[in-house]
Structure formats: C-alpha cells, structure tokens
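So this one's input.cif, mmCIF, C-alpha atoms:
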```cif
data_run
loop_
_atom_site.label_atom_id
_atom_site.label_comp_id
_atom_site.auth_asym_id
_atom_site.auth_seq_id
_atom_site.Cartn_x
_atom_site.Cartn_y
_atom_site.Cartn_z
CA MET G 4 0.44 -16.27 18.52
CA ILE G 5 -2.54 -18.01 16.93
CA GLN G 6 -1.59 -19.99 13.83
CA GLY G 7 -5.16 -21.11 13.01
CA LYS G 8 -6.18 -20.17 9.51
CA TYR G 9 -9.65 -21.66 9.58
CA PHE G 10 -12.45 -19.22 10.29
CA GLU G 11 -13.64 -21.33 13.22
CA ASP G 12 -10.20 -21.23 14.90
CA VAL G 13 -9.86 -17.44 14.83
CA ASN G 14 -11.35 -15.28 17.57
CA VAL G 15 -11.66 -11.56 18.15
CA GLY G 16 -8.64 -10.45 20.20
CA ASP G 17 -6.27 -13.08 18.80
CA THR G 18 -2.83 -11.87 17.76
CA VAL G 19 -2.39 -13.46 14.35
CA ILE G 20 0.62 -11.55 12.98
CA GLU G 21 3.98 -10.76 14.54
CA MET G 22 6.87 -10.03 12.15
CA GLU G 23 10.15 -8.19 12.65
CA LYS G 24 11.83 -6.44 9.69
CA GLY G 25 15.18 -4.75 9.82
CA PRO G 26 17.34 -3.04 10.60
CA LEU G 27 16.28 -0.91 7.64
CA GLN G 28 19.15 -0.16 5.21
CA LYS G 29 19.58 2.80 2.86
CA LEU G 30 20.24 0.35 0.03
CA GLN G 31 16.68 -0.98 0.43
CA LEU G 32 15.30 2.52 -0.11
CA VAL G 33 17.31 2.86 -3.32
CA MET G 34 15.92 -0.50 -4.47
CA TYR G 35 12.41 0.55 -3.47
CA ALA G 36 12.72 3.86 -5.35
CA GLY G 37 13.61 2.01 -8.55
CA ALA G 38 10.97 -0.67 -8.09
CA SER G 39 8.11 1.68 -7.21
CA GLY G 40 9.06 4.67 -9.35
CA ASP G 41 8.99 7.05 -6.37
CA PHE G 42 12.23 8.99 -6.88
CA ASN G 43 11.60 11.72 -4.31
CA PRO G 44 15.22 12.39 -3.17
CA LEU G 45 13.97 12.62 0.42
CA HIS G 46 14.28 8.82 0.40
CA THR G 47 17.66 8.38 -1.27
CA ASP G 48 19.78 11.55 -0.97
CA ASP G 49 21.05 12.44 2.53
CA ASP G 50 22.15 15.95 1.48
CA PHE G 51 18.70 16.73 0.07
CA ALA G 52 16.93 15.24 3.11
CA LYS G 53 19.08 17.32 5.50
CA ALA G 54 18.42 20.46 3.44
CA VAL G 55 14.67 19.98 3.94
CA GLY G 56 14.97 19.47 7.68
CA MET G 57 15.64 15.76 8.26
CA LYS G 58 18.62 16.04 10.60
CA ASP G 59 19.59 12.35 10.26
CA GLY G 60 19.19 12.26 6.48
CA VAL G 61 16.90 10.09 4.37
CA ILE G 62 13.61 8.61 5.56
CA ALA G 63 11.82 5.54 4.21
CA HIS G 64 9.02 5.75 1.65
CA GLY G 65 5.72 5.34 3.48
CA MET G 66 4.73 2.86 0.80
CA PHE G 67 7.85 0.80 1.57
CA VAL G 68 6.62 0.37 5.14
CA MET G 69 3.12 -0.43 3.82
CA GLY G 70 4.80 -3.03 1.59
CA CYS G 71 6.33 -4.57 4.72
CA VAL G 72 2.86 -4.59 6.30
CA GLY G 73 1.55 -6.35 3.18
CA GLN G 74 4.31 -8.93 3.54
CA ALA G 75 3.42 -9.53 7.19
CA VAL G 76 -0.30 -9.84 6.38
CA THR G 77 0.28 -12.32 3.54
CA SER G 78 2.61 -14.36 5.74
CA TRP G 79 -0.55 -15.19 7.71
CA VAL G 80 -3.31 -15.15 5.10
CA PRO G 81 -2.55 -16.16 1.49
CA LYS G 82 -2.44 -13.27 -1.00
CA ASN G 83 -5.54 -14.51 -2.84
CA ARG G 84 -7.58 -14.38 0.38
CA LEU G 85 -6.77 -10.73 1.11
CA LYS G 86 -9.79 -8.52 0.30
CA ARG G 87 -8.67 -5.12 1.57
CA LEU G 88 -5.63 -3.47 3.14
CA GLY G 89 -5.66 0.12 4.34
CA VAL G 90 -3.13 2.11 6.36
CA ARG G 91 -2.53 5.54 7.81
CA PHE G 92 1.04 6.85 7.71
CA ALA G 93 1.71 7.97 11.27
CA GLY G 94 5.47 8.43 11.58
CA MET G 95 8.72 8.50 9.65
CA SER G 96 10.96 5.41 9.47
CA LYS G 97 14.73 5.83 9.26
CA PRO G 98 17.63 3.62 8.23
CA GLY G 99 18.63 1.57 11.26
CA ASN G 100 15.04 1.20 12.50
CA THR G 101 13.78 -2.31 13.14
CA ILE G 102 10.09 -2.46 12.35
CA THR G 103 7.77 -4.88 14.14
CA ILE G 104 4.41 -5.51 12.50
CA SER G 105 1.60 -7.02 14.51
CA GLY G 106 -2.00 -7.87 13.70
CA VAL G 107 -4.99 -8.56 15.94
CA VAL G 108 -8.44 -9.85 14.97
CA THR G 109 -11.08 -7.17 15.59
CA ASP G 110 -14.15 -8.70 13.91
CA LYS G 111 -15.38 -11.87 12.22
CA ARG G 112 -18.59 -12.33 10.28
CA VAL G 113 -20.15 -14.19 7.36
CA VAL G 114 -20.96 -11.94 4.38
CA ASP G 115 -22.61 -13.43 1.27
CA GLY G 116 -21.36 -16.87 2.27
CA GLU G 117 -17.76 -15.67 2.79
CA ASN G 118 -15.98 -15.96 6.14
CA ILE G 119 -14.60 -12.46 6.62
CA VAL G 120 -12.15 -11.51 9.36
CA THR G 121 -11.08 -7.93 10.00
CA CYS G 122 -7.77 -7.33 11.77
CA SER G 123 -6.02 -4.22 12.98
CA VAL G 124 -2.38 -3.96 11.98
CA VAL G 125 0.36 -1.73 13.31
CA ALA G 126 4.05 -1.23 12.49
CA LYS G 127 6.27 0.12 15.28
CA ASP G 128 9.98 0.76 15.61
CA GLU G 129 12.27 -0.49 18.40
CA GLN G 130 11.21 2.49 20.57
CA GLY G 131 7.55 1.57 20.19
CA ASP G 132 6.83 4.58 17.97
CA VAL G 133 4.00 3.88 15.51
CA LYS G 134 5.02 4.20 11.84
CA VAL G 135 1.92 2.83 10.16
CA SER G 136 -1.45 1.72 11.52
CA GLY G 137 -4.39 0.27 9.67
CA SER G 138 -6.59 -2.72 9.08
CA PHE G 139 -7.30 -5.48 6.59
CA ASP G 140 -10.12 -7.83 5.62
CA ALA G 141 -9.52 -11.41 4.56
CA ALA G 142 -11.77 -14.32 3.59
CA LEU G 143 -10.82 -17.45 5.52
CA PRO G 144 -11.73 -21.03 4.66
CA GLY G 145 -14.24 -22.80 6.89
CA LYS G 146 -13.85 -26.35 8.15
CA ALA G 147 -17.28 -27.41 6.90
CA MET E 17 -3.74 25.77 -1.02
CA ALA E 18 -5.84 23.12 -2.73
CA ASP E 19 -8.68 24.21 -5.01
CA LEU E 20 -11.61 22.51 -3.29
CA SER E 21 -13.86 23.08 -6.32
CA LYS E 22 -11.91 20.34 -8.13
CA VAL E 23 -13.77 17.55 -6.34
CA GLY E 24 -15.16 15.09 -8.91
CA THR E 25 -12.37 15.77 -11.42
CA GLU E 26 -11.33 12.76 -13.50
CA TYR E 27 -7.91 12.55 -15.12
CA PRO E 28 -6.92 10.65 -18.27
CA PRO E 29 -6.54 6.92 -17.63
CA ILE E 30 -3.33 5.25 -16.49
CA VAL E 31 -2.65 2.26 -18.76
CA TRP E 32 -0.03 -0.17 -17.47
CA GLU E 33 1.34 -3.44 -18.82
CA VAL E 34 2.29 -5.66 -15.88
CA GLU E 35 5.71 -7.28 -16.20
CA ARG E 36 6.93 -10.38 -14.38
CA GLY E 37 10.25 -8.67 -13.64
CA LYS E 38 8.53 -5.67 -12.03
CA ILE E 39 6.56 -7.94 -9.70
CA ARG E 40 9.78 -9.69 -8.65
CA GLU E 41 11.64 -6.37 -8.32
CA LEU E 42 9.00 -4.86 -6.03
CA ALA E 43 8.81 -7.98 -3.84
CA LYS E 44 12.61 -8.07 -3.50
CA ALA E 45 12.82 -4.35 -2.72
CA ILE E 46 10.33 -4.86 0.11
CA GLY E 47 12.35 -7.88 1.24
CA ASP E 48 9.38 -10.19 0.66
CA PHE E 49 10.86 -13.43 -0.64
CA ASN E 50 7.53 -15.29 -0.80
CA PRO E 51 8.19 -17.65 -3.76
CA ILE E 52 4.76 -16.91 -5.29
CA TYR E 53 6.16 -13.52 -6.42
CA LEU E 54 9.50 -14.88 -7.65
CA ASP E 55 8.80 -18.24 -9.24
CA ARG E 56 5.94 -19.12 -11.58
CA GLU E 57 5.98 -22.81 -10.62
CA ALA E 58 5.73 -22.02 -6.93
CA ALA E 59 2.85 -19.62 -7.67
CA VAL E 60 0.97 -22.24 -9.71
CA LYS E 61 1.49 -24.80 -6.92
CA ALA E 62 -0.01 -22.30 -4.46
CA GLY E 63 -3.13 -21.92 -6.63
CA TYR E 64 -2.28 -18.88 -8.79
CA LYS E 65 -2.28 -18.68 -12.59
CA ASP E 66 1.16 -17.03 -12.52
CA THR E 67 3.23 -14.86 -10.15
CA PRO E 68 0.62 -12.47 -8.69
CA ALA E 69 1.24 -8.79 -8.00
CA PRO E 70 2.00 -8.14 -4.28
CA PRO E 71 -0.58 -6.22 -2.18
CA THR E 72 1.00 -2.79 -2.70
CA PHE E 73 1.81 -3.24 -6.42
CA LEU E 74 -0.61 -0.52 -7.57
CA THR E 75 1.85 2.11 -6.36
CA VAL E 76 3.97 1.09 -9.39
CA PRO E 77 1.63 2.30 -12.18
CA MET E 78 0.74 5.38 -10.10
CA MET E 79 4.37 6.45 -9.55
CA TRP E 80 5.87 5.28 -12.85
CA CYS E 81 3.11 6.87 -14.95
CA GLY E 82 4.64 10.16 -13.81
CA LYS E 83 1.31 11.98 -13.65
CA MET E 84 1.20 12.68 -9.92
CA PRO E 85 2.91 16.09 -10.34
CA ASP E 86 0.24 17.00 -12.95
CA PHE E 87 -2.57 16.11 -10.54
CA ILE E 88 -0.90 18.10 -7.76
CA ASN E 89 -0.46 21.14 -10.04
CA ASP E 90 -4.02 20.92 -11.35
CA LEU E 91 -5.38 20.74 -7.78
CA LYS E 92 -3.28 23.80 -6.84
CA ILE E 93 -1.57 21.87 -4.05
CA ASN E 94 1.78 23.15 -2.78
CA PHE E 95 4.10 20.25 -3.54
CA MET E 96 6.42 21.10 -0.61
CA MET E 97 3.56 20.88 1.90
CA VAL E 98 1.89 17.65 0.76
CA LEU E 99 2.03 14.42 2.75
CA HIS E 100 0.77 10.94 1.93
CA GLY E 101 -1.73 10.46 4.75
CA GLU E 102 -3.39 7.15 3.97
CA GLU E 103 -3.43 4.40 1.35
CA GLU E 104 -6.01 1.68 0.90
CA TYR E 105 -6.53 -1.13 -1.61
CA GLU E 106 -9.58 -3.28 -2.26
CA TYR E 107 -8.76 -6.48 -4.12
CA TYR E 108 -11.24 -8.08 -6.53
CA ARG E 109 -9.02 -10.26 -8.76
CA GLU E 110 -5.35 -11.15 -8.99
CA ILE E 111 -3.11 -9.06 -11.26
CA TYR E 112 -0.72 -11.21 -13.32
CA PRO E 113 2.25 -10.71 -15.67
CA GLY E 114 1.01 -9.78 -19.14
CA ASP E 115 -2.14 -8.10 -17.83
CA VAL E 116 -2.80 -4.62 -19.14
CA ILE E 117 -4.52 -2.69 -16.39
CA THR E 118 -6.31 0.61 -16.85
CA GLY E 119 -7.37 2.98 -14.11
CA THR E 120 -9.04 6.38 -14.21
CA PRO E 121 -7.86 8.63 -11.36
CA LYS E 122 -10.72 10.53 -9.77
CA ILE E 123 -10.81 13.11 -6.99
CA THR E 124 -13.64 11.78 -4.82
CA LYS E 125 -13.37 14.03 -1.77
CA MET E 126 -11.78 17.34 -0.81
CA GLU E 127 -12.22 18.96 2.56
CA GLU E 128 -10.53 21.34 4.95
CA LYS E 129 -9.83 20.02 8.44
CA THR E 130 -8.36 21.54 11.57
CA SER E 131 -5.84 19.50 13.54
CA LYS E 132 -5.85 19.18 17.34
CA SER E 133 -3.11 21.81 17.45
CA GLY E 134 -5.31 24.20 15.49
CA SER E 135 -3.48 24.15 12.15
CA LYS E 136 -5.54 23.85 8.99
CA MET E 137 -5.08 21.14 6.37
CA ASP E 138 -6.73 20.21 3.09
CA MET E 139 -7.54 16.53 2.75
CA ILE E 140 -7.72 15.23 -0.83
CA THR E 141 -8.93 11.71 -1.68
CA LEU E 142 -7.82 10.21 -5.01
CA GLU E 143 -9.43 6.95 -6.14
CA VAL E 144 -8.39 4.74 -9.02
CA LEU E 145 -10.49 1.73 -10.04
CA TYR E 146 -8.37 -0.60 -12.18
CA THR E 147 -9.74 -3.01 -14.77
CA ASN E 148 -7.78 -5.59 -16.76
CA GLN E 149 -7.70 -6.28 -20.52
CA LEU E 150 -10.87 -8.40 -20.17
CA GLY E 151 -12.74 -5.48 -18.63
CA GLU E 152 -12.79 -7.18 -15.22
CA GLU E 153 -12.37 -4.98 -12.15
CA VAL E 154 -9.13 -6.05 -10.42
CA ALA E 155 -8.65 -3.55 -7.59
CA LYS E 156 -9.38 -0.10 -6.28
CA ALA E 157 -6.70 2.19 -4.87
CA ARG E 158 -7.57 5.07 -2.56
CA SER E 159 -4.96 7.65 -1.55
CA LEU E 160 -5.41 10.43 0.97
CA LEU E 161 -3.14 13.41 0.38
CA VAL E 162 -2.78 15.98 3.14
CA GLU E 163 -1.69 19.53 2.36
CA ARG E 164 -0.53 21.48 5.38
CA LYS E 165 -1.33 25.20 5.18
#
```
For the structure just supplied, provide its representation as structure tokens.
Amino acid sequence: MIQGKYFEDVNVGDTVIEMEKGPLQKLQLVMYAGASGDFNPLHTDDDFAKAVGMKDGVIAHGMFVMGCVGQAVTSWVPKNRLKRLGVRFAGMSKPGNTITISGVVTDKRVVDGENIVTCSVVAKDEQGDVKVSGSFDAALPGKA
Amino acid sequence: MADLSKVGTEYPPIVWEVERGKIRELAKAIGDFNPIYLDREAAVKAGYKDTPAPPTFLTVPMMWCGKMPDFINDLKINFMMVLHGEEEYEYYREIYPGDVITGTPKITKMEEKTSKSGSKMDMITLEVLYTNQLGEEVAKARSLLVERK
C-alpha cells in the first residue's frame, strides 16, 4: 500500500486505503441509531427485521457503513483535505460481517492551483460481497 | 408511487446547533477513534479550530430533525418501498461545535427508471446546501432515494 501523501508521490492505480472493520456488533447499531437519529427498527429490533423479511434479523444502517468508509478515507487523507465523498449503497451488512474498505487512485489533476486526487472506494464483507461503492476527491499538498 | 411533478419543491429549512458531544458520539458509534473528533487539544494540534464534524455528520441534522417522513408523505412515496440508494457530500468548510447550520432541502431531480430485471423504480434526488451562522457555505448533502414499484 502506498503511504505517500504528497501529490507527486501518488499515481493512478495506487492502492492508498486498506482498512478492516469488524466483526460488526448489534450494539454498534444501537449506538449508531442514537447518534444519527435513524431509529428505523430494521436496524435494532430482530423481531421487526424478521417480520419484514430479514431472515437473520437486523441489518446495519447504510450510513453506518458510509461512516466506516469516511473513517477509512480520513485515515489516509486528513479530514480538512477531503473535498467530496459519495457512495452507492449496494448490499446489506449484517452483525458478524467484517468489512474491508479499500481505495484506489483513479485520477489526479491540478484545478485552480489545488492538487486534486480522485479515488474509488469500496467496502466488501468477508465473502467479497460489495456493501458500498463510491469515490472521493481530496486536495493533497505538493512538495514545492 | 412518487409524484414526479414535485421536482423543484423546497421544504422549510433545517436549523441545527452543532454540539461537541454529538460529534464525539457519532465518531464513537462508527468506531472512529481519531482524536480530532474526541479531544479539542488534539484537534487544534492537527490544525483545526476545534473538534470538526466527521465526514458523514450531516446525516445527524437530517435524521434528528424528524422531517424525512414529511418529505416522503409530501412526495407520495410508499415508505415501505423506499431505499437509500446513494449519499454524497461536498465539503467547503469545517463544521465545529457551537456552529448553527441551516440547510434548505430541495428536490432537484425525479425520474422513473427501469432496472435490468425490468422492474420500474422512481429515483428522487434531495439536496441540502448548509450554511453556518456567518452565512458561509459549509457543505452540500445529496441523497438519492429509490422507490420500488
């Protein structure tokens, strides 16, 4: 994995993020419900989740997984250098899943004097099933 | 099924006072123990004015304001069939404890799409541009809601 955080050290195709989170616990979803204000019982109440067709019970909030992606991204680029983060929710995450988040540089360019890198980012479970995929833009410092 | 004529609708603004404890609570719930979210001194050392809001913080005013069910009702979306398809944030300035942020939710796009399997869906894009108490733009949130039909 490339640790370089200077614009000049980062190249298209570099893997710049690799973070493992988990296994996911039900308690985290209760904490996330309270923190975020999303009290849809699909995420905290097994009986409710089963009644609406989730045979194993509760599933994670999509935004919880996006939060994990945000954590992974800002473990590489400081928060105040992140310009954009966007994701598509592709699959459901369940308690017990271990989520691996990886990021790869897809573009680099100078815009209005800022060194912008764009990276793809994907969160997969231990089976390789995609939970969230997306991209982010960050402004990196230059060496000059 | 969503009322596609509602595109362009603006809803009353969400006004939200950002609390230090809420920033810490969200970071901990995610399991993100980056000290910039938990400790003011560590944040200042890292170049922030105070503990900044984490990247997905704007879900907090959106969910806690409690207005999402009103939007969904007004758009004639079937609550049981709606999925959160996408979420995107553009960041312009840091959001700090004590900030009062204001965002006006706007329906910017509504369209019907057909999936590969042939089922029809309505795609609804909701955008909220947030400004702080100084009138500075801090971030834009864009949510894509998908209603299966």
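Note that the spacing between CA of Glu110 in chain E and CA of Ala69 in chain E amounts to 7.1 Å.
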Given 8 Å of margin on each side, can you work out the centre and size in Å (one decimal) of an axis-aligned box holding every listed atom of range 66-82 of chain E, as lines of an AutoDock Vina configuration file?
```
center_x = 2.6
center_y = -3.4
center_z = -8.6
size_x = 22.5
size_y = 43.2
size_z = 28.8
```
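The residues returned by the PyMOL selection byres ((chain G) within 8 of (chain E)) for this structure are Gln31, Leu32, Met34, Tyr35, Ala38, Ser39, Gly40, Asp41, Gly65, Met66, Phe67, Met69, Gly70, Cys71, Gly73, Gln74, Lys82, Asn83, Leu85, Lys86, Arg87, Leu88, Gly89, Val90, Arg91, Phe92 and Ala93 of chain G.
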Given the point (-3.7, 22.6, 2.9) in the coordinates of this file, which residues lie within 7 Å, counting all atoms listed in the file, and how would they look as a ChimeraX atom specification? /E:17-18,136-138,162-165
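The environment of Thr109 in chain G within 9 Å, counting all atoms listed in the file and disregarding residues fewer than 2 places along the same chain, consists of Asn14, Val15, Gly16, Asp17, Val107, Lys111, Val120, Thr121, Cys122 and Ser123 of chain G.
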List the residues selected by the PyMOL selection byres ((chain G and resi 96-106) around 6) in the file shown, writing them as JSON, numbers by chain. {"G": [18, 19, 20, 21, 22, 23, 24, 25, 26, 27, 28, 29, 62, 63, 95, 107, 123, 124, 125, 126, 127, 128, 129]}
Could you dump the residues just selected with C-alpha atoms as a PDB file, in the coordinates of the input?
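Just written: result-v2.pdb:
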```pdb
ATOM      1  CA  THR G  18      -2.830 -11.870  17.760  1.00  0.00           C
ATOM      2  CA  VAL G  19      -2.390 -13.460  14.350  1.00  0.00           C
ATOM      3  CA  ILE G  20       0.620 -11.550  12.980  1.00  0.00           C
ATOM      4  CA  GLU G  21       3.980 -10.760  14.540  1.00  0.00           C
ATOM      5  CA  MET G  22       6.870 -10.030  12.150  1.00  0.00           C
ATOM      6  CA  GLU G  23      10.150  -8.190  12.650  1.00  0.00           C
ATOM      7  CA  LYS G  24      11.830  -6.440   9.690  1.00  0.00           C
ATOM      8  CA  GLY G  25      15.180  -4.750   9.820  1.00  0.00           C
ATOM      9  CA  PRO G  26      17.340  -3.040  10.600  1.00  0.00           C
ATOM     10  CA  LEU G  27      16.280  -0.910   7.640  1.00  0.00           C
ATOM     11  CA  GLN G  28      19.150  -0.160   5.210  1.00  0.00           C
ATOM     12  CA  LYS G  29      19.580   2.800   2.860  1.00  0.00           C
ATOM     13  CA  ILE G  62      13.610   8.610   5.560  1.00  0.00           C
ATOM     14  CA  ALA G  63      11.820   5.540   4.210  1.00  0.00           C
ATOM     15  CA  MET G  95       8.720   8.500   9.650  1.00  0.00           C
ATOM     16  CA  VAL G 107      -4.990  -8.560  15.940  1.00  0.00           C
ATOM     17  CA  SER G 123      -6.020  -4.220  12.980  1.00  0.00           C
ATOM     18  CA  VAL G 124      -2.380  -3.960  11.980  1.00  0.00           C
ATOM     19  CA  VAL G 125       0.360  -1.730  13.310  1.00  0.00           C
ATOM     20  CA  ALA G 126       4.050  -1.230  12.490  1.00  0.00           C
ATOM     21  CA  LYS G 127       6.270   0.120  15.280  1.00  0.00           C
ATOM     22  CA  ASP G 128       9.980   0.760  15.610  1.00  0.00           C
ATOM     23  CA  GLU G 129      12.270  -0.490  18.400  1.00  0.00           C
TER      24      GLU G 129
END
```
What separation in Å, quoted to one decimal, exists between CA of Lys125 in chain E and CA of Glu143 in chain E?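 Going from CA of Lys125 in chain E over to CA of Glu143 in chain E, I get 9.2 Å.
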Can you patch up range 97-129 of chain E, filling it in to N, CA and C atoms, and show the result as an mmCIF file, in the coordinates of the input?
```cif
data_model
loop_
_atom_site.group_PDB
_atom_site.id
_atom_site.type_symbol
_atom_site.label_atom_id
_atom_site.label_comp_id
_atom_site.auth_asym_id
_atom_site.auth_seq_id
_atom_site.Cartn_x
_atom_site.Cartn_y
_atom_site.Cartn_z
ATOM 1 N N MET E 97 4.344 21.006 0.661
ATOM 2 C CA MET E 97 3.560 20.880 1.900
ATOM 3 C C MET E 97 2.675 19.635 1.903
ATOM 4 N N VAL E 98 2.813 18.791 0.870
ATOM 5 C CA VAL E 98 1.890 17.650 0.760
ATOM 6 C C VAL E 98 2.492 16.393 1.395
ATOM 7 N N LEU E 99 1.648 15.677 2.111
ATOM 8 C CA LEU E 99 2.030 14.420 2.750
ATOM 9 C C LEU E 99 1.091 13.322 2.262
ATOM 10 N N HIS E 100 1.606 12.100 2.236
ATOM 11 C CA HIS E 100 0.770 10.940 1.930
ATOM 12 C C HIS E 100 0.171 10.480 3.261
ATOM 13 N N GLY E 101 -1.123 10.744 3.454
ATOM 14 C CA GLY E 101 -1.730 10.460 4.750
ATOM 15 C C GLY E 101 -2.182 9.023 4.933
ATOM 16 N N GLU E 102 -2.844 8.512 3.900
ATOM 17 C CA GLU E 102 -3.390 7.150 3.970
ATOM 18 C C GLU E 102 -3.317 6.505 2.597
ATOM 19 N N GLU E 103 -3.328 5.163 2.609
ATOM 20 C CA GLU E 103 -3.430 4.400 1.350
ATOM 21 C C GLU E 103 -4.253 3.155 1.634
ATOM 22 N N GLU E 104 -5.168 2.869 0.715
ATOM 23 C CA GLU E 104 -6.010 1.680 0.900
ATOM 24 C C GLU E 104 -6.246 0.993 -0.435
ATOM 25 N N TYR E 105 -6.239 -0.340 -0.405
ATOM 26 C CA TYR E 105 -6.530 -1.130 -1.610
ATOM 27 C C TYR E 105 -7.653 -2.098 -1.316
ATOM 28 N N GLU E 106 -8.589 -2.199 -2.271
ATOM 29 C CA GLU E 106 -9.580 -3.280 -2.260
ATOM 30 C C GLU E 106 -9.208 -4.199 -3.405
ATOM 31 N N TYR E 107 -9.209 -5.497 -3.117
ATOM 32 C CA TYR E 107 -8.760 -6.480 -4.120
ATOM 33 C C TYR E 107 -9.941 -7.301 -4.611
ATOM 34 N N TYR E 108 -10.126 -7.320 -5.940
ATOM 35 C CA TYR E 108 -11.240 -8.080 -6.530
ATOM 36 C C TYR E 108 -10.740 -9.310 -7.284
ATOM 37 N N ARG E 109 -9.615 -9.165 -7.973
ATOM 38 C CA ARG E 109 -9.020 -10.260 -8.760
ATOM 39 C C ARG E 109 -7.513 -10.116 -8.717
ATOM 40 N N GLU E 110 -6.812 -11.225 -8.938
ATOM 41 C CA GLU E 110 -5.350 -11.150 -8.990
ATOM 42 C C GLU E 110 -4.904 -10.388 -10.244
ATOM 43 N N ILE E 111 -3.753 -9.739 -10.133
ATOM 44 C CA ILE E 111 -3.110 -9.060 -11.260
ATOM 45 C C ILE E 111 -1.877 -9.901 -11.608
ATOM 46 N N TYR E 112 -1.776 -10.280 -12.899
ATOM 47 C CA TYR E 112 -0.720 -11.210 -13.320
ATOM 48 C C TYR E 112 0.172 -10.595 -14.403
ATOM 49 N N PRO E 113 1.387 -11.156 -14.576
ATOM 50 C CA PRO E 113 2.250 -10.710 -15.670
ATOM 51 C C PRO E 113 1.502 -10.808 -17.010
ATOM 52 N N GLY E 114 1.665 -9.810 -17.840
ATOM 53 C CA GLY E 114 1.010 -9.780 -19.140
ATOM 54 C C GLY E 114 -0.323 -9.037 -19.115
ATOM 55 N N ASP E 115 -0.897 -8.876 -17.917
ATOM 56 C CA ASP E 115 -2.140 -8.100 -17.830
ATOM 57 C C ASP E 115 -1.873 -6.649 -18.238
ATOM 58 N N VAL E 116 -2.842 -6.064 -18.888
ATOM 59 C CA VAL E 116 -2.800 -4.620 -19.140
ATOM 60 C C VAL E 116 -3.921 -4.015 -18.298
ATOM 61 N N ILE E 117 -3.513 -3.253 -17.289
ATOM 62 C CA ILE E 117 -4.520 -2.690 -16.390
ATOM 63 C C ILE E 117 -4.706 -1.202 -16.694
ATOM 64 N N THR E 118 -5.938 -0.769 -16.546
ATOM 65 C CA THR E 118 -6.310 0.610 -16.850
ATOM 66 C C THR E 118 -7.083 1.186 -15.668
ATOM 67 N N GLY E 119 -6.677 2.355 -15.232
ATOM 68 C CA GLY E 119 -7.370 2.980 -14.110
ATOM 69 C C GLY E 119 -7.560 4.463 -14.357
ATOM 70 N N THR E 120 -8.750 4.957 -14.045
ATOM 71 C CA THR E 120 -9.040 6.380 -14.210
ATOM 72 C C THR E 120 -8.981 7.075 -12.858
ATOM 73 N N PRO E 121 -7.977 7.930 -12.646
ATOM 74 C CA PRO E 121 -7.860 8.630 -11.360
ATOM 75 C C PRO E 121 -8.991 9.645 -11.196
ATOM 76 N N LYS E 122 -9.602 9.628 -10.022
ATOM 77 C CA LYS E 122 -10.720 10.530 -9.770
ATOM 78 C C LYS E 122 -10.581 11.142 -8.380
ATOM 79 N N ILE E 123 -10.826 12.436 -8.285
ATOM 80 C CA ILE E 123 -10.810 13.110 -6.990
ATOM 81 C C ILE E 123 -12.206 12.948 -6.378
ATOM 82 N N THR E 124 -12.308 12.111 -5.356
ATOM 83 C CA THR E 124 -13.640 11.780 -4.820
ATOM 84 C C THR E 124 -14.024 12.626 -3.617
ATOM 85 N N LYS E 125 -13.043 13.251 -2.974
ATOM 86 C CA LYS E 125 -13.370 14.030 -1.770
ATOM 87 C C LYS E 125 -12.296 15.093 -1.556
ATOM 88 N N MET E 126 -12.728 16.292 -1.201
ATOM 89 C CA MET E 126 -11.780 17.340 -0.810
ATOM 90 C C MET E 126 -12.406 18.096 0.352
ATOM 91 N N GLU E 127 -11.676 18.213 1.429
ATOM 92 C CA GLU E 127 -12.220 18.960 2.560
ATOM 93 C C GLU E 127 -11.109 19.595 3.378
ATOM 94 N N GLU E 128 -11.480 20.690 4.049
ATOM 95 C CA GLU E 128 -10.530 21.340 4.950
ATOM 96 C C GLU E 128 -10.774 20.813 6.357
ATOM 97 N N LYS E 129 -9.691 20.472 7.057
ATOM 98 C CA LYS E 129 -9.830 20.020 8.440
ATOM 99 C C LYS E 129 -8.884 20.836 9.323
#
```
